[in-house]
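Asker: This is the structure I have questions about; it appears just below.
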Amino acid sequence: MELDGRVVVVTGGTRGVGAGIARSFLAAGAEVVVCARRPPEEPVAEGGRKASHLPLDLRNPAAVQDFFGAVAGRYGRLDCLVNNAGGTPYRLLGEGAAERHARVVELNLVAPMTASLAAYPWLRATRGSVVMIGSVSGTRPSPGTAAYGAAKAGLENLARSMAVEWAPEVRVNSLVLGMVRTELAHLHYGDEAGIAAVGATVPLGRLAEPSDVGEAAVFLASGRAGYVSGASLLVHGGGERPAFLDAATVNNVNDMDNAGNVDKES
């Protein structure tokens, strides 16, 4: 298989998007280690193969160092780190103290940097790669999740800087995700009708599945992406239809003059 014999760490890989990423790497032949503060309810598995789990609080730098030492001690190598762990509650900026928003930044930006630095010596030895799991929240306004969006914007920039500093030994890329259907999707989008309605707003007509993200991550970690570094790969189904297209009161808004007025042909 494509990644047979490779060793991959997926942070936050016990459920949701992270578990989907881990399963894709298992299907590609890799040995996969998932880390989270709590073990999964069921082992993350694919095709009769299981990911190993090691407990880890990514906000504890000493524990992160020990974790990667343990992975290298067990497997003798590390080929890819997928910085997936993250997330945020919905909270308007004025509804929380700065310290609460700072914790979101710590989890979504500082923790991936901490993990990457700890993994770097092992990745350099194998000429491996880092895959950051970003979000479209980092590319557009994110009301209610402003700190998360700011952290994801910073994560994408961090990846590009790392790609330059760590070349040619270690490649660093980002996956910029749109909406993904996970076991927690109902908390964000409601019942099945709500999920379908939200999916219909995506040009490809549905939310992403965790496996869609996983396949993209496998590509970036594989030899097929051997000349890809410092890149941001959009995994968002075509993005979002611009709201002004539906708000416009004319049929054709494609031909705009420099003042923003609609030019109609006679």
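Identifiers for the structure tokens are assigned positionally: chains receive A, B, ... in sequence, residues are indexed from 1 per chain, and ligands are indexed from 1 in the order shown.
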Apply DSSP to the backbone of this structure and, from stretch 32-150 of chain A, keep only the residues in strand (DSSP E or B); write these as a PyMOL selection string.
Answerer: chain A and resi 32-36+45-46+49-50+52-55+80-83+129-135
Asker: Can you write just those residues out, N, CA, C and O atoms, as a CSV table (one decimal), in the first residue's frame?
Answerer:
```
chain,number,residue,atom,x,y,z
A,32,VAL,N,-0.7,4.1,12.5
A,32,VAL,CA,-1.3,5.4,13.0
A,32,VAL,C,-1.4,5.4,14.5
A,32,VAL,O,-1.8,4.5,15.1
A,33,VAL,N,-0.9,6.5,15.0
A,33,VAL,CA,-1.1,6.8,16.5
A,33,VAL,C,-2.0,8.0,16.6
A,33,VAL,O,-1.8,9.1,16.0
A,34,VAL,N,-3.1,7.8,17.3
A,34,VAL,CA,-4.0,9.0,17.6
A,34,VAL,C,-3.8,9.4,19.1
A,34,VAL,O,-3.5,8.6,19.9
A,35,CYS,N,-3.9,10.7,19.3
A,35,CYS,CA,-3.8,11.2,20.7
A,35,CYS,C,-4.9,12.1,21.0
A,35,CYS,O,-5.4,12.8,20.2
A,36,ALA,N,-5.3,12.0,22.3
A,36,ALA,CA,-6.4,12.9,22.8
A,36,ALA,C,-6.3,12.7,24.3
A,36,ALA,O,-5.7,11.7,24.8
A,45,ALA,N,-10.4,2.1,13.6
A,45,ALA,CA,-10.0,1.0,12.8
A,45,ALA,C,-10.5,1.1,11.4
A,45,ALA,O,-11.5,1.8,11.1
A,46,GLU,N,-9.8,0.4,10.5
A,46,GLU,CA,-10.1,0.4,9.1
A,46,GLU,C,-9.5,-0.8,8.4
A,46,GLU,O,-8.3,-1.0,8.6
A,49,ARG,N,-7.3,-3.1,10.5
A,49,ARG,CA,-6.2,-2.6,11.1
A,49,ARG,C,-6.7,-1.5,12.1
A,49,ARG,O,-7.6,-0.8,11.9
A,50,LYS,N,-5.9,-1.3,13.2
A,50,LYS,CA,-6.3,-0.4,14.3
A,50,LYS,C,-5.3,0.6,14.5
A,50,LYS,O,-4.1,0.3,14.5
A,52,SER,N,-3.3,3.0,17.2
A,52,SER,CA,-2.9,3.0,18.6
A,52,SER,C,-3.3,4.4,19.2
A,52,SER,O,-3.3,5.4,18.5
A,53,HIS,N,-3.6,4.3,20.5
A,53,HIS,CA,-4.0,5.6,21.2
A,53,HIS,C,-3.0,5.8,22.3
A,53,HIS,O,-2.7,4.9,23.1
A,54,LEU,N,-2.6,7.1,22.4
A,54,LEU,CA,-1.8,7.5,23.6
A,54,LEU,C,-2.4,8.7,24.1
A,54,LEU,O,-2.7,9.7,23.4
A,55,PRO,N,-2.7,8.8,25.5
A,55,PRO,CA,-3.3,10.0,26.0
A,55,PRO,C,-2.3,11.2,26.0
A,55,PRO,O,-1.1,11.0,26.1
A,80,CYS,N,4.8,11.5,9.4
A,80,CYS,CA,3.8,12.5,9.2
A,80,CYS,C,3.1,12.9,10.5
A,80,CYS,O,2.8,12.0,11.3
A,81,LEU,N,3.0,14.2,10.7
A,81,LEU,CA,2.2,14.7,11.8
A,81,LEU,C,1.0,15.4,11.2
A,81,LEU,O,1.2,16.4,10.5
A,82,VAL,N,-0.2,15.0,11.6
A,82,VAL,CA,-1.4,15.7,11.2
A,82,VAL,C,-2.0,16.5,12.4
A,82,VAL,O,-2.4,15.9,13.4
A,83,ASN,N,-1.9,17.8,12.4
A,83,ASN,CA,-2.3,18.7,13.5
A,83,ASN,C,-3.8,18.9,13.3
A,83,ASN,O,-4.2,19.9,12.7
A,129,SER,N,6.6,15.0,6.7
A,129,SER,CA,5.7,16.2,6.5
A,129,SER,C,4.8,16.4,7.6
A,129,SER,O,4.5,15.6,8.5
A,130,VAL,N,4.3,17.7,7.6
A,130,VAL,CA,3.3,18.1,8.6
A,130,VAL,C,2.1,18.5,7.8
A,130,VAL,O,2.2,19.2,6.7
A,131,VAL,N,0.9,18.1,8.2
A,131,VAL,CA,-0.3,18.6,7.6
A,131,VAL,C,-1.2,19.3,8.7
A,131,VAL,O,-1.5,18.7,9.7
A,132,MET,N,-1.4,20.6,8.5
A,132,MET,CA,-2.2,21.4,9.4
A,132,MET,C,-3.7,21.3,8.9
A,132,MET,O,-4.0,21.4,7.7
A,133,ILE,N,-4.6,21.1,9.9
A,133,ILE,CA,-6.0,21.1,9.5
A,133,ILE,C,-6.6,22.5,9.8
A,133,ILE,O,-6.8,22.8,11.0
A,134,GLY,N,-6.7,23.3,8.8
A,134,GLY,CA,-7.2,24.6,8.9
A,134,GLY,C,-8.7,24.7,8.7
A,134,GLY,O,-9.4,23.7,8.7
A,135,SER,N,-9.2,25.9,8.5
A,135,SER,CA,-10.7,26.1,8.3
A,135,SER,C,-10.9,27.3,7.5
A,135,SER,O,-10.2,28.3,7.5
```
Asker: Can you pull out every residue within 8 Å of A:Arg171, counting only C-alpha atoms, but drop anything in the same chain fewer than 2 positions away, and send it as a VMD selection string?
Answerer: chain A and resid 127 to 130 163 166 to 169 173 228 to 230
Asker: Keeping only N, CA and C atoms, write the selected residues as a short mmCIF file (atom, residue, chain, number, x, y, z; two decimals), in the first residue's frame.
Answerer:
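Output contents, as saved in again.cif:
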```
data_model
loop_
_atom_site.label_atom_id
_atom_site.label_comp_id
_atom_site.auth_asym_id
_atom_site.auth_seq_id
_atom_site.Cartn_x
_atom_site.Cartn_y
_atom_site.Cartn_z
N ARG A 127 12.60 12.78 6.35
CA ARG A 127 12.14 13.71 5.32
C ARG A 127 10.62 13.62 5.19
N GLY A 128 9.98 13.77 6.34
CA GLY A 128 8.54 13.63 6.43
C GLY A 128 7.80 14.93 6.20
N SER A 129 6.57 15.00 6.74
CA SER A 129 5.74 16.17 6.47
C SER A 129 4.80 16.44 7.63
N VAL A 130 4.32 17.68 7.65
CA VAL A 130 3.29 18.12 8.58
C VAL A 130 2.08 18.54 7.77
N ALA A 163 7.18 25.83 6.25
CA ALA A 163 7.56 25.18 4.99
C ALA A 163 8.86 25.77 4.44
N TRP A 166 11.88 24.90 7.19
CA TRP A 166 12.23 23.49 7.36
C TRP A 166 12.55 22.77 6.05
N ALA A 167 12.45 23.48 4.94
CA ALA A 167 12.82 22.87 3.66
C ALA A 167 14.33 22.68 3.59
N PRO A 168 14.81 21.67 2.88
CA PRO A 168 14.02 20.69 2.11
C PRO A 168 13.67 19.43 2.88
N GLU A 169 14.06 19.35 4.16
CA GLU A 169 13.88 18.10 4.89
C GLU A 169 12.42 17.78 5.21
N ASN A 173 2.13 21.56 4.84
CA ASN A 173 0.98 22.01 4.06
C ASN A 173 -0.25 22.12 4.95
N VAL A 228 5.07 19.43 -3.21
CA VAL A 228 4.06 20.33 -2.66
C VAL A 228 4.43 20.68 -1.23
N SER A 229 4.73 21.94 -1.00
CA SER A 229 5.03 22.42 0.35
C SER A 229 4.65 23.89 0.44
N GLY A 230 4.15 24.29 1.61
CA GLY A 230 3.68 25.65 1.79
C GLY A 230 2.34 25.91 1.12
#
```
Asker: Excluding A:Val44 and any residue of its chain fewer than 4 positions from it, enumerate the residues within 8 Å of it, using only C-alpha atoms, and give them as a list of chain:residue names.
Answerer: A:Thr14, A:Ala19, A:Ala22, A:Arg23, A:Pro40, A:Lys50, A:Ala51
Asker: Kindly save the residues from that selection, with all heavy atoms included, as a PDB file, in the first residue's frame.
Answerer:
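What ended up in selection-v3.pdb:
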```
ATOM      1  N   THR A  14      -9.436  10.670  17.692  1.00  0.00           N
ATOM      2  CA  THR A  14     -10.292   9.642  18.267  1.00  0.00           C
ATOM      3  C   THR A  14     -11.739   9.729  17.821  1.00  0.00           C
ATOM      4  O   THR A  14     -12.531   8.826  18.073  1.00  0.00           O
ATOM      5  CB  THR A  14     -10.244   9.711  19.806  1.00  0.00           C
ATOM      6  OG1 THR A  14     -10.659  11.016  20.231  1.00  0.00           O
ATOM      7  CG2 THR A  14      -8.834   9.436  20.318  1.00  0.00           C
ATOM      8  N   ALA A  19     -10.749  11.095  13.391  1.00  0.00           N
ATOM      9  CA  ALA A  19     -10.895   9.651  13.195  1.00  0.00           C
ATOM     10  C   ALA A  19     -10.973   9.309  11.716  1.00  0.00           C
ATOM     11  O   ALA A  19     -10.430   8.289  11.269  1.00  0.00           O
ATOM     12  CB  ALA A  19     -12.132   9.150  13.928  1.00  0.00           C
ATOM     13  N   ALA A  22      -7.493   9.385  10.424  1.00  0.00           N
ATOM     14  CA  ALA A  22      -6.760   8.195  10.873  1.00  0.00           C
ATOM     15  C   ALA A  22      -7.147   6.966  10.046  1.00  0.00           C
ATOM     16  O   ALA A  22      -6.287   6.165   9.658  1.00  0.00           O
ATOM     17  CB  ALA A  22      -7.031   7.957  12.351  1.00  0.00           C
ATOM     18  N   ARG A  23      -8.436   6.810   9.756  1.00  0.00           N
ATOM     19  CA  ARG A  23      -8.879   5.649   8.975  1.00  0.00           C
ATOM     20  C   ARG A  23      -8.306   5.678   7.558  1.00  0.00           C
ATOM     21  O   ARG A  23      -7.947   4.632   7.006  1.00  0.00           O
ATOM     22  CB  ARG A  23     -10.405   5.607   8.942  1.00  0.00           C
ATOM     23  CG  ARG A  23     -11.040   5.313  10.292  1.00  0.00           C
ATOM     24  CD  ARG A  23     -12.546   5.085  10.153  1.00  0.00           C
ATOM     25  NE  ARG A  23     -13.150   4.955  11.469  1.00  0.00           N
ATOM     26  CZ  ARG A  23     -13.820   5.926  12.093  1.00  0.00           C
ATOM     27  NH1 ARG A  23     -13.974   7.115  11.493  1.00  0.00           N
ATOM     28  NH2 ARG A  23     -14.328   5.729  13.286  1.00  0.00           N
ATOM     29  N   PRO A  40     -10.718   6.664  22.733  1.00  0.00           N
ATOM     30  CA  PRO A  40     -11.986   6.551  22.004  1.00  0.00           C
ATOM     31  C   PRO A  40     -12.864   5.476  22.630  1.00  0.00           C
ATOM     32  O   PRO A  40     -12.382   4.546  23.286  1.00  0.00           O
ATOM     33  CB  PRO A  40     -11.533   6.151  20.596  1.00  0.00           C
ATOM     34  CG  PRO A  40     -10.226   5.453  20.803  1.00  0.00           C
ATOM     35  CD  PRO A  40      -9.567   6.155  21.968  1.00  0.00           C
ATOM     36  N   LYS A  50      -5.940  -1.335  13.241  1.00  0.00           N
ATOM     37  CA  LYS A  50      -6.335  -0.403  14.287  1.00  0.00           C
ATOM     38  C   LYS A  50      -5.253   0.635  14.536  1.00  0.00           C
ATOM     39  O   LYS A  50      -4.061   0.342  14.455  1.00  0.00           O
ATOM     40  CB  LYS A  50      -6.621  -1.151  15.585  1.00  0.00           C
ATOM     41  CG  LYS A  50      -7.795  -2.111  15.524  1.00  0.00           C
ATOM     42  CD  LYS A  50      -7.998  -2.798  16.865  1.00  0.00           C
ATOM     43  CE  LYS A  50      -9.168  -3.772  16.812  1.00  0.00           C
ATOM     44  NZ  LYS A  50      -9.364  -4.450  18.119  1.00  0.00           N
ATOM     45  N   ALA A  51      -5.699   1.831  14.871  1.00  0.00           N
ATOM     46  CA  ALA A  51      -4.779   2.879  15.310  1.00  0.00           C
ATOM     47  C   ALA A  51      -4.474   2.693  16.789  1.00  0.00           C
ATOM     48  O   ALA A  51      -5.329   2.272  17.565  1.00  0.00           O
ATOM     49  CB  ALA A  51      -5.398   4.253  15.072  1.00  0.00           C
TER      50      ALA A  51
END
```
Asker: Write out as a PyMOL selection string each polymer residue whose atoms come within 10 Å of A:Asp79, counting only C-alpha atoms; drop sequence neighbours fewer than 6 positions from it.
Answerer: chain A and resi 3+5-9+30-31+119+122-130+170+221-222
